[in-house]
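A.B. asks: Sharing model_4.cif below, mmCIF, C-alpha atoms:
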data_data
loop_
_atom_site.label_atom_id
_atom_site.label_comp_id
_atom_site.auth_asym_id
_atom_site.auth_seq_id
_atom_site.Cartn_x
_atom_site.Cartn_y
_atom_site.Cartn_z
CA MET A 1 1.53 -31.23 15.13
CA SER A 2 -2.28 -31.18 15.54
CA GLU A 3 -4.44 -28.73 13.60
CA THR A 4 -5.37 -26.90 16.82
CA SER A 5 -1.79 -26.44 17.99
CA GLY A 6 -0.77 -25.45 14.46
CA ARG A 7 -3.39 -22.70 14.39
CA THR A 8 -2.39 -21.55 17.86
CA GLN A 9 1.21 -21.28 16.72
CA ALA A 10 0.14 -19.38 13.61
CA ALA A 11 -2.00 -16.99 15.68
CA LEU A 12 0.88 -16.27 18.05
CA ALA A 13 3.15 -15.65 15.05
CA VAL A 14 0.71 -13.11 13.59
CA MET A 15 0.25 -11.33 16.91
CA LEU A 16 4.00 -11.12 17.57
CA GLY A 17 4.71 -10.06 13.99
CA ALA A 18 2.07 -7.33 14.16
CA ALA A 19 3.43 -6.10 17.49
CA LEU A 20 6.96 -5.94 16.04
CA ILE A 21 5.72 -3.96 13.06
CA GLY A 22 4.02 -1.66 15.55
CA LEU A 23 7.56 -0.59 16.53
CA ALA A 24 8.26 0.62 12.99
CA PRO A 25 6.66 4.10 13.26
CA ILE A 26 8.50 4.73 16.53
CA LEU A 27 11.83 3.82 14.93
CA VAL A 28 11.11 5.95 11.85
CA ARG A 29 10.21 8.93 14.05
CA VAL A 30 13.44 8.71 16.12
CA SER A 31 15.73 7.92 13.17
CA GLU A 32 18.59 10.36 12.46
CA LEU A 33 17.73 10.20 8.76
CA GLY A 34 14.74 11.48 6.85
CA PRO A 35 11.74 9.19 6.32
CA GLN A 36 12.70 8.10 2.79
CA ALA A 37 16.33 7.30 3.63
CA THR A 38 15.17 5.45 6.75
CA ASN A 39 12.92 3.30 4.55
CA LEU A 40 15.88 2.60 2.28
CA TRP A 41 17.93 1.07 5.09
CA ARG A 42 14.88 -0.83 6.31
CA PHE A 43 15.01 -2.77 3.04
CA LEU A 44 18.79 -2.91 2.61
CA PHE A 45 19.41 -4.61 5.95
CA ALA A 46 16.73 -7.21 5.24
CA LEU A 47 17.72 -7.95 1.62
CA PRO A 48 20.79 -10.21 2.17
CA ILE A 49 18.85 -12.58 4.44
CA LEU A 50 15.82 -12.51 2.15
CA ALA A 51 18.10 -13.33 -0.80
CA LEU A 52 19.42 -16.42 0.98
CA LEU A 53 15.92 -17.58 1.88
CA ALA A 54 14.56 -16.89 -1.61
CA ALA A 55 17.47 -18.81 -3.19
CA ARG A 56 16.27 -21.98 -1.43
CA ALA A 57 12.73 -21.60 -2.79
CA PRO A 58 11.50 -22.26 -6.35
CA LYS A 59 12.53 -19.40 -8.62
CA PRO A 60 9.71 -17.27 -10.07
CA SER A 61 9.42 -16.85 -13.82
CA ARG A 62 10.54 -13.68 -15.58
CA ALA A 63 6.93 -12.53 -15.88
CA GLN A 64 6.34 -13.16 -12.19
CA VAL A 65 9.47 -11.18 -11.28
CA GLY A 66 8.12 -8.29 -13.34
CA TRP A 67 4.86 -8.34 -11.44
CA LEU A 68 6.71 -8.59 -8.13
CA ALA A 69 8.84 -5.59 -9.08
CA LEU A 70 5.67 -3.60 -9.75
CA ALA A 71 4.22 -4.80 -6.45
CA GLY A 72 7.41 -3.71 -4.68
CA GLY A 73 7.15 -0.29 -6.27
CA LEU A 74 3.64 0.05 -4.85
CA PHE A 75 4.91 -1.19 -1.48
CA GLY A 76 7.67 1.44 -1.58
CA PHE A 77 5.10 4.09 -2.53
CA GLU A 78 2.93 3.08 0.42
CA LEU A 79 5.78 3.19 2.93
CA SER A 80 7.01 6.48 1.47
CA LEU A 81 3.69 8.22 2.09
CA TRP A 82 3.21 6.55 5.48
CA ALA A 83 6.71 7.55 6.67
CA ALA A 84 6.16 11.14 5.54
CA ALA A 85 2.80 11.17 7.35
CA LEU A 86 4.51 10.21 10.63
CA PHE A 87 6.17 13.65 10.73
CA LEU A 88 2.94 15.52 10.00
CA THR A 89 0.26 13.75 12.02
CA THR A 90 0.15 11.44 15.02
CA ILE A 91 1.58 7.95 14.77
CA ALA A 92 -1.85 6.50 15.58
CA ASN A 93 -3.53 8.43 12.75
CA ALA A 94 -0.87 7.60 10.16
CA THR A 95 -0.89 3.92 11.11
CA LEU A 96 -4.63 3.44 11.42
CA LEU A 97 -5.42 5.27 8.19
CA SER A 98 -2.79 3.33 6.24
CA ASN A 99 -4.33 0.12 7.63
CA MET A 100 -7.58 0.75 5.74
CA THR A 101 -6.06 -1.40 2.99
CA PRO A 102 -8.90 -4.00 2.94
CA VAL A 103 -11.41 -1.26 2.15
CA CYS A 104 -9.22 0.00 -0.70
CA ALA A 105 -8.65 -3.56 -1.94
CA ALA A 106 -12.42 -4.13 -2.05
CA LEU A 107 -12.80 -0.91 -4.03
CA PHE A 108 -10.06 -1.94 -6.48
CA GLY A 109 -11.60 -5.39 -6.85
CA TRP A 110 -14.92 -3.82 -7.74
CA LEU A 111 -13.49 -1.25 -10.17
CA LEU A 112 -10.79 -3.34 -11.87
CA PHE A 113 -12.03 -6.92 -11.64
CA LYS A 114 -15.78 -6.35 -11.48
CA GLU A 115 -15.99 -8.22 -8.20
CA ARG A 116 -19.43 -8.09 -6.67
CA LEU A 117 -19.53 -6.18 -3.40
CA ALA A 118 -21.77 -7.63 -0.73
CA ASN A 119 -23.96 -5.18 1.17
CA ALA A 120 -21.92 -5.89 4.29
CA ALA A 121 -18.72 -4.87 2.50
CA ILE A 122 -20.29 -1.59 1.39
CA TRP A 123 -21.51 -0.77 4.89
CA GLY A 124 -18.19 -1.83 6.36
CA GLY A 125 -16.34 0.46 3.98
CA LEU A 126 -18.61 3.39 4.81
CA THR A 127 -18.12 2.70 8.53
CA ALA A 128 -14.35 2.72 8.13
CA LEU A 129 -14.47 5.96 6.14
CA ALA A 130 -16.63 7.56 8.82
CA GLY A 131 -14.05 6.42 11.36
CA ALA A 132 -11.25 7.97 9.29
CA VAL A 133 -13.05 11.32 9.28
CA ALA A 134 -13.68 11.11 13.03
CA LEU A 135 -10.05 10.16 13.66
CA ALA A 136 -8.80 13.15 11.65
CA PHE A 137 -11.14 15.58 13.38
CA GLY A 138 -10.24 14.08 16.75
CA ARG A 139 -6.56 14.72 16.08
CA ALA A 140 -7.29 18.28 14.98
CA GLN A 141 -9.43 18.81 18.08
CA THR A 142 -6.63 17.89 20.49
CA GLY A 143 -3.82 19.46 18.42
CA ALA A 144 -1.69 16.34 18.90
CA GLY A 145 1.11 15.52 16.51
CA PRO A 146 4.60 16.75 15.62
CA ALA A 147 3.48 19.48 13.21
CA SER A 148 0.91 22.26 12.90
CA PRO A 149 -2.82 21.43 12.72
CA GLU A 150 -2.81 22.36 9.03
CA ALA A 151 0.08 19.99 8.32
CA GLY A 152 -1.76 17.35 10.32
CA TRP A 153 -4.56 17.30 7.76
CA LEU A 154 -1.97 16.65 5.04
CA GLY A 155 -0.48 13.85 7.13
CA ASP A 156 -3.90 12.25 7.58
CA GLY A 157 -4.43 12.43 3.82
CA LEU A 158 -1.05 10.84 3.10
CA GLY A 159 -1.81 8.01 5.51
CA LEU A 160 -5.10 7.32 3.76
CA VAL A 161 -3.57 7.39 0.27
CA ALA A 162 -0.84 5.04 1.49
CA ALA A 163 -3.52 2.40 1.99
CA LEU A 164 -4.21 2.54 -1.75
CA GLY A 165 -0.59 1.67 -2.55
CA TYR A 166 -0.55 -1.31 -0.21
CA ALA A 167 -3.89 -2.51 -1.57
CA GLY A 168 -2.36 -2.55 -5.06
CA TYR A 169 0.61 -4.51 -3.71
CA LEU A 170 -1.64 -7.10 -2.08
CA LEU A 171 -3.82 -7.49 -5.17
CA ILE A 172 -0.76 -8.29 -7.30
CA VAL A 173 0.58 -10.76 -4.75
CA ARG A 174 -2.84 -12.38 -4.47
CA SER A 175 -3.10 -12.69 -8.25
CA LEU A 176 0.19 -14.62 -8.30
CA GLY A 177 -1.30 -17.11 -5.86
CA THR A 178 0.76 -19.95 -4.47
CA GLY A 179 2.94 -20.10 -7.58
CA VAL A 180 5.51 -17.85 -5.89
CA SER A 181 7.03 -18.57 -2.47
CA VAL A 182 6.65 -16.13 0.41
CA TRP A 183 10.40 -15.51 0.50
CA ALA A 184 10.54 -14.79 -3.24
CA VAL A 185 7.70 -12.31 -2.83
CA MET A 186 9.45 -10.60 0.09
CA PHE A 187 12.84 -10.49 -1.67
CA TRP A 188 11.74 -9.09 -5.03
CA ALA A 189 9.23 -6.71 -3.50
CA SER A 190 11.81 -5.45 -0.99
CA LEU A 191 14.42 -5.01 -3.73
CA SER A 192 12.03 -2.97 -5.85
CA ALA A 193 10.89 -0.96 -2.83
CA ALA A 194 14.54 -0.24 -1.96
CA VAL A 195 15.10 1.21 -5.44
CA TYR A 196 12.00 3.37 -4.97
CA ALA A 197 13.19 4.53 -1.54
CA LEU A 198 16.64 5.41 -2.91
CA GLY A 199 15.09 7.52 -5.65
CA ALA A 200 12.75 9.23 -3.18
CA SER A 201 15.68 9.94 -0.82
CA LEU A 202 17.71 11.57 -3.59
CA VAL A 203 14.76 13.62 -4.82
CA MET A 204 14.04 14.85 -1.29
CA GLY A 205 17.73 15.58 -0.67
CA GLU A 206 17.89 13.43 2.46
CA ALA A 207 21.20 12.32 3.96
CA LEU A 208 21.83 8.63 3.39
CA LEU A 209 24.18 7.82 6.31
CA PRO A 210 23.50 8.27 10.05
CA GLN A 211 26.13 9.99 12.15
CA THR A 212 26.12 7.85 15.32
CA LEU A 213 26.08 4.19 16.37
CA ALA A 214 22.65 4.77 17.88
CA GLY A 215 21.46 5.96 14.49
CA TRP A 216 22.75 2.78 12.86
CA GLY A 217 21.12 0.73 15.63
CA VAL A 218 17.72 2.22 14.86
CA LEU A 219 18.09 1.35 11.17
CA LEU A 220 19.31 -2.16 11.96
CA ALA A 221 16.34 -2.77 14.26
CA LEU A 222 13.98 -1.44 11.61
CA GLY A 223 15.41 -3.75 8.94
CA LEU A 224 15.85 -6.94 10.95
CA VAL A 225 13.26 -6.73 13.73
CA THR A 226 10.32 -5.10 11.95
CA GLN A 227 10.85 -5.72 8.23
CA LEU A 228 12.33 -9.21 8.38
CA GLY A 229 11.05 -10.51 11.72
CA GLY A 230 7.63 -8.86 11.77
CA GLN A 231 6.76 -9.39 8.11
CA GLY A 232 8.15 -12.93 8.17
CA LEU A 233 6.05 -13.94 11.18
CA ILE A 234 2.95 -12.43 9.61
CA ALA A 235 3.61 -14.15 6.28
CA TYR A 236 3.97 -17.47 8.12
CA GLY A 237 0.87 -17.08 10.27
CA VAL A 238 -1.59 -15.47 7.86
CA GLY A 239 -1.29 -18.31 5.38
CA ARG A 240 -2.37 -20.79 8.07
CA LEU A 241 -5.36 -18.91 9.48
CA PRO A 242 -8.81 -17.88 8.24
CA ILE A 243 -8.64 -14.36 6.85
CA VAL A 244 -11.11 -12.98 9.42
CA VAL A 245 -9.02 -14.32 12.32
CA SER A 246 -5.80 -12.92 10.89
CA THR A 247 -7.46 -9.53 10.36
CA ILE A 248 -8.35 -9.28 14.05
CA LEU A 249 -4.89 -10.38 15.15
CA LEU A 250 -3.25 -7.83 12.86
CA TRP A 251 -4.94 -5.12 14.91
CA MET A 252 -1.97 -5.54 17.21
CA GLN A 253 0.02 -3.36 14.82
CA PRO A 254 -1.96 -0.09 15.05
CA LEU A 255 -2.80 -0.74 18.71
CA ALA A 256 0.86 -1.25 19.64
CA ALA A 257 1.84 1.84 17.66
CA ALA A 258 -0.86 3.93 19.36
CA VAL A 259 0.13 2.82 22.86
CA LEU A 260 3.85 3.40 22.24
CA SER A 261 3.27 6.84 20.69
CA TRP A 262 1.16 7.81 23.70
CA MET A 263 3.86 6.63 26.14
CA LEU A 264 6.85 8.09 24.25
CA PHE A 265 5.46 11.20 22.56
CA GLY A 266 2.36 12.03 24.59
CA GLU A 267 0.10 11.49 21.57
CA ALA A 268 -3.01 10.46 23.47
CA LEU A 269 -6.25 9.78 21.61
CA GLY A 270 -9.21 11.89 22.67
CA PRO A 271 -12.78 10.53 22.83
CA LEU A 272 -13.57 11.44 19.19
CA ALA A 273 -10.32 9.91 17.91
CA LEU A 274 -10.92 6.74 19.94
CA ALA A 275 -14.40 6.46 18.45
CA GLY A 276 -12.90 6.93 14.99
CA ALA A 277 -10.28 4.25 15.62
CA ALA A 278 -12.98 1.83 16.77
CA LEU A 279 -15.07 2.54 13.66
CA ILE A 280 -12.07 1.96 11.37
CA LEU A 281 -11.26 -1.39 12.97
CA ALA A 282 -14.90 -2.47 12.94
CA GLY A 283 -15.35 -1.43 9.31
CA VAL A 284 -12.19 -3.23 8.20
CA PHE A 285 -13.33 -6.37 10.01
CA VAL A 286 -16.73 -6.29 8.31
CA VAL A 287 -15.17 -5.79 4.87
CA GLN A 288 -12.70 -8.63 5.36
CA ARG A 289 -15.40 -10.97 6.60
CA ALA A 290 -17.70 -10.11 3.70
CA ARG A 291 -14.94 -10.63 1.11
CA SER A 292 -13.68 -13.90 2.62
#
Could the structure of this file be written out as structure tokens, please?

C.D. replies:
Amino acid sequence: MSETSGRTQAALAVMLGAALIGLAPILVRVSELGPQATNLWRFLFALPILALLAARAPKPSRAQVGWLALAGGLFGFELSLWAAALFLTTIANATLLSNMTPVCAALFGWLLFKERLANAAIWGGLTALAGAVALAFGRAQTGAGPASPEAGWLGDGLGLVAALGYAGYLLIVRSLGTGVSVWAVMFWASLSAAVYALGASLVMGEALLPQTLAGWGVLLALGLVTQLGGQGLIAYGVGRLPIVVSTILLWMQPLAAAVLSWMLFGEALGPLALAGAALILAGVFVVQRARS
């Protein structure tokens, strides 16, 4: 396979994976279970297949497994806040705000690892933050979302904090480098995240079993189509593309979620929210390009 065709295949994989993950907030919103229990089944359905794939890859060391377990806990924390935000604010807001991970990762890199921040990264981060504020005010202006305007502010905040959890997850995975296979990362992180989701479900008093076949179908689709299929395609493609290119292609996730939420739940973005979304995407792009 030529380098050009290989990159084309990788780009298509990232785009399809991101689009599949864009289905996740829709499935969480229509699930018969609460957000934490829904997350639990998202991991449980994917774990057996991930275990088989991870078994064929080189086994990580005990220390690496410990780091992956911590990363999975942060991943579970991120999805927990994001899923809760879906029931308080619009799907577009929760998804876009939680996708500000590169900005949070740059901040962590500066604070924890003393990484130098280029001027472009600083301006990109400020642009994304300005977009987040505009997006939140745009949502409040239109009154869109499944809850009251006051609860919507809380949902926006949860979505933004969720980006911090995922940034921590990515920093740990990045620090492990190529010494751990993609499937080992996905298995151990998903296992740890499942434990987190189970604990969160019990604390929140959520039912753990759906009552209908349709309810089980939603959970199965979430686990196999979005978690396994979407994340797997992204993991395959991102490793074969320049980081700036993969960042742009991953925009398919929030864009697909926004379009679907508008079509299914009438959560249209007003002019201010659209401007905020554009600023977030532009800021994230600038930060990624500066850090690459």

A.B. asks: Pull the neighbourhood of (0.6, 12.3, 22.1) for me: all residues within 12 Å in file coordinates, counting all atoms listed in the file, as a list in words.

C.D. replies: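 The residues near that point, listed by chain and number, are Thr89, Thr90, Ile91, Ala92, Asn93, Arg139, Thr142, Gly143, Ala144, Gly145, Pro146, Ala147, Ala257, Ala258, Val259, Leu260, Ser261, Trp262, Met263, Leu264, Phe265, Gly266, Glu267, Ala268, Leu269, Gly270 and Ala273 of chain A.
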
A.B. asks: Written as a PyMOL selection string, which residues does the PyMOL selection byres ((chain A and resi 102) around 9) give for the file shown?

C.D. replies: chain A and resi 99-101+103-107+125+163+167+284-285+287-288

A.B. asks: Keeping C-alpha atoms for every residue in the selection just given, could you write it to a file as a CSV table (one decimal), in the coordinates of the input?

C.D. replies:
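Just written: part03.csv:
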chain,number,residue,atom,x,y,z
A,99,ASN,CA,-4.3,0.1,7.6
A,100,MET,CA,-7.6,0.8,5.7
A,101,THR,CA,-6.1,-1.4,3.0
A,103,VAL,CA,-11.4,-1.3,2.2
A,104,CYS,CA,-9.2,0.0,-0.7
A,105,ALA,CA,-8.6,-3.6,-1.9
A,106,ALA,CA,-12.4,-4.1,-2.0
A,107,LEU,CA,-12.8,-0.9,-4.0
A,125,GLY,CA,-16.3,0.5,4.0
A,163,ALA,CA,-3.5,2.4,2.0
A,167,ALA,CA,-3.9,-2.5,-1.6
A,284,VAL,CA,-12.2,-3.2,8.2
A,285,PHE,CA,-13.3,-6.4,10.0
A,287,VAL,CA,-15.2,-5.8,4.9
A,288,GLN,CA,-12.7,-8.6,5.4

A.B. asks: With the PyMOL selection byres ((chain A and resi 248) around 12) as the selection, what would be picked from this file? Answer as a ChimeraX atom specification, please.

C.D. replies: /A:11,14-15,18,238,241-247,249-255,281-289

A.B. asks: Which polymer residues have any atom within 12 Å of an atom of Ala37 in chain A, counting only C-alpha atoms, with same-chain residues fewer than 5 positions away left out, as an MDAnalysis selection string?

C.D. replies: chainID A and resid 28 31:32 42:44 76 79:80 83:84 193:210 219

A.B. asks: Using all atoms listed in the file for the distances, tell me which of A:Ser98, A:Ser148, A:Phe187, A:Ala128 is nearest to Leu160 in chain A.

C.D. replies: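 Result for the nearest residue to Leu160 in chain A: A:Ser98.
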
A.B. asks: Tell me, in Å to one decimal, how far CA of Ser181 in chain A is from CA of Leu220 in chain A.

C.D. replies: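 It comes out at 25.1 Å.
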
A.B. asks: Return the single residue from A:Gly6, A:Pro25, A:Gly66, A:Pro58 that is closest to Val173 in chain A, with distances computed using all atoms listed in the file.

C.D. replies: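 When distances to Val173 in chain A are compared using all atoms listed in the file, the smallest one comes from A:Gly66.
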
A.B. asks: Evaluate the PyMOL selection byres ((chain A and resi 120) around 8) on the structure here and hand back the selected residues as a list in words.

C.D. replies: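 That expression, the PyMOL selection byres ((chain A and resi 120) around 8), corresponds here to Ala118, Asn119, Ala121, Ile122, Trp123, Gly124, Val286, Val287 and Ala290 of chain A.
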
A.B. asks: Quote the spacing between CA of Arg56 in chain A and CA of Gly73 in chain A in Å to one decimal place.

C.D. replies: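 So the answer is 24.0 Å.
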
A.B. asks: For a test of reading the model, state the distance in Å between CA of Leu129 in chain A and CA of Leu111 in chain A, rounded to one decimal.

C.D. replies: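 Interatomic distance here is 17.9 Å.
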
A.B. asks: Using all atoms listed in the file, pick whichever of A:Leu171, A:Ala184, A:Leu233, A:Ala94 has the shortest atom-to-atom distance to Gln64 in chain A.

C.D. replies: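 Once distances to Gln64 in chain A are computed over all atoms listed in the file, the minimum belongs to A:Ala184.
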
A.B. asks: Select, from A:Gln231, A:Asn39, A:Ser175, A:Thr127, the residue with the minimum atom-to-atom distance to Leu27 in chain A, counting all atoms listed in the file.

C.D. replies: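 Smallest distance to Leu27 in chain A is found for A:Asn39.
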
A.B. asks: For Thr178 in chain A, which residue among A:Leu70, A:Leu81, A:Leu274, A:Pro60 is the nearest when counting all atoms listed in the file?

C.D. replies: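 Closest residue, counting all atoms listed in the file: A:Pro60.
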
A.B. asks: So which one's closest to Asp156 in chain A, A:Leu224, A:Met186, A:Leu96, A:Ala130? Using all atoms listed in the file, please.

C.D. replies: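 Looking only at the distances to Asp156 in chain A, the closest residue turns out to be A:Leu96.
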
A.B. asks: With only C-alpha atoms as the counted atoms, please give the residues lying no more than 10 Å from Val185 in chain A, apart from itself and same-chain residues fewer than 4 positions off, as JSON, numbers by chain.

C.D. replies: {"A": [50, 54, 60, 64, 65, 67, 68, 69, 71, 72, 173, 176, 180, 181, 189, 190, 191]}

A.B. asks: Could those selected residues go to a file with C-alpha atoms, as a compact mmCIF listing (two decimals), in the frame of the given file?

C.D. replies:
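Just written: part27.txt:
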# COMPACT_ATOMS: atom_id res chain seq x y z
CA LEU A 50 15.82 -12.51 2.15
CA ALA A 54 14.56 -16.89 -1.61
CA PRO A 60 9.71 -17.27 -10.07
CA GLN A 64 6.34 -13.16 -12.19
CA VAL A 65 9.47 -11.18 -11.28
CA TRP A 67 4.86 -8.34 -11.44
CA LEU A 68 6.71 -8.59 -8.13
CA ALA A 69 8.84 -5.59 -9.08
CA ALA A 71 4.22 -4.80 -6.45
CA GLY A 72 7.41 -3.71 -4.68
CA VAL A 173 0.58 -10.76 -4.75
CA LEU A 176 0.19 -14.62 -8.30
CA VAL A 180 5.51 -17.85 -5.89
CA SER A 181 7.03 -18.57 -2.47
CA ALA A 189 9.23 -6.71 -3.50
CA SER A 190 11.81 -5.45 -0.99
CA LEU A 191 14.42 -5.01 -3.73

A.B. asks: Quick one: residues within 7 Å of Gly131 in chain A, all atoms listed in the file, excluding same-chain residues fewer than 5 positions away - as a PyMOL selection string?

C.D. replies: chain A and resi 276-277+279-280

A.B. asks: Restricted to C-alpha atoms, what does range 5-16 of chain A look like when written out as a PDB file, in the first residue's frame?

C.D. replies:
ATOM      1  CA  SER A   5      -3.437   5.497  -0.028  1.00  0.00           C
ATOM      2  CA  GLY A   6      -2.441   4.556   3.523  1.00  0.00           C
ATOM      3  CA  ARG A   7      -3.075   8.100   4.725  1.00  0.00           C
ATOM      4  CA  THR A   8      -6.369   8.231   2.848  1.00  0.00           C
ATOM      5  CA  GLN A   9      -7.454   5.028   4.547  1.00  0.00           C
ATOM      6  CA  ALA A  10      -6.381   6.402   7.923  1.00  0.00           C
ATOM      7  CA  ALA A  11      -8.270   9.660   7.319  1.00  0.00           C
ATOM      8  CA  LEU A  12     -11.449   7.791   6.387  1.00  0.00           C
ATOM      9  CA  ALA A  13     -11.067   5.657   9.521  1.00  0.00           C
ATOM     10  CA  VAL A  14     -10.811   8.746  11.737  1.00  0.00           C
ATOM     11  CA  MET A  15     -13.785  10.427  10.084  1.00  0.00           C
ATOM     12  CA  LEU A  16     -15.974   7.324  10.356  1.00  0.00           C
TER      13      LEU A  16
END
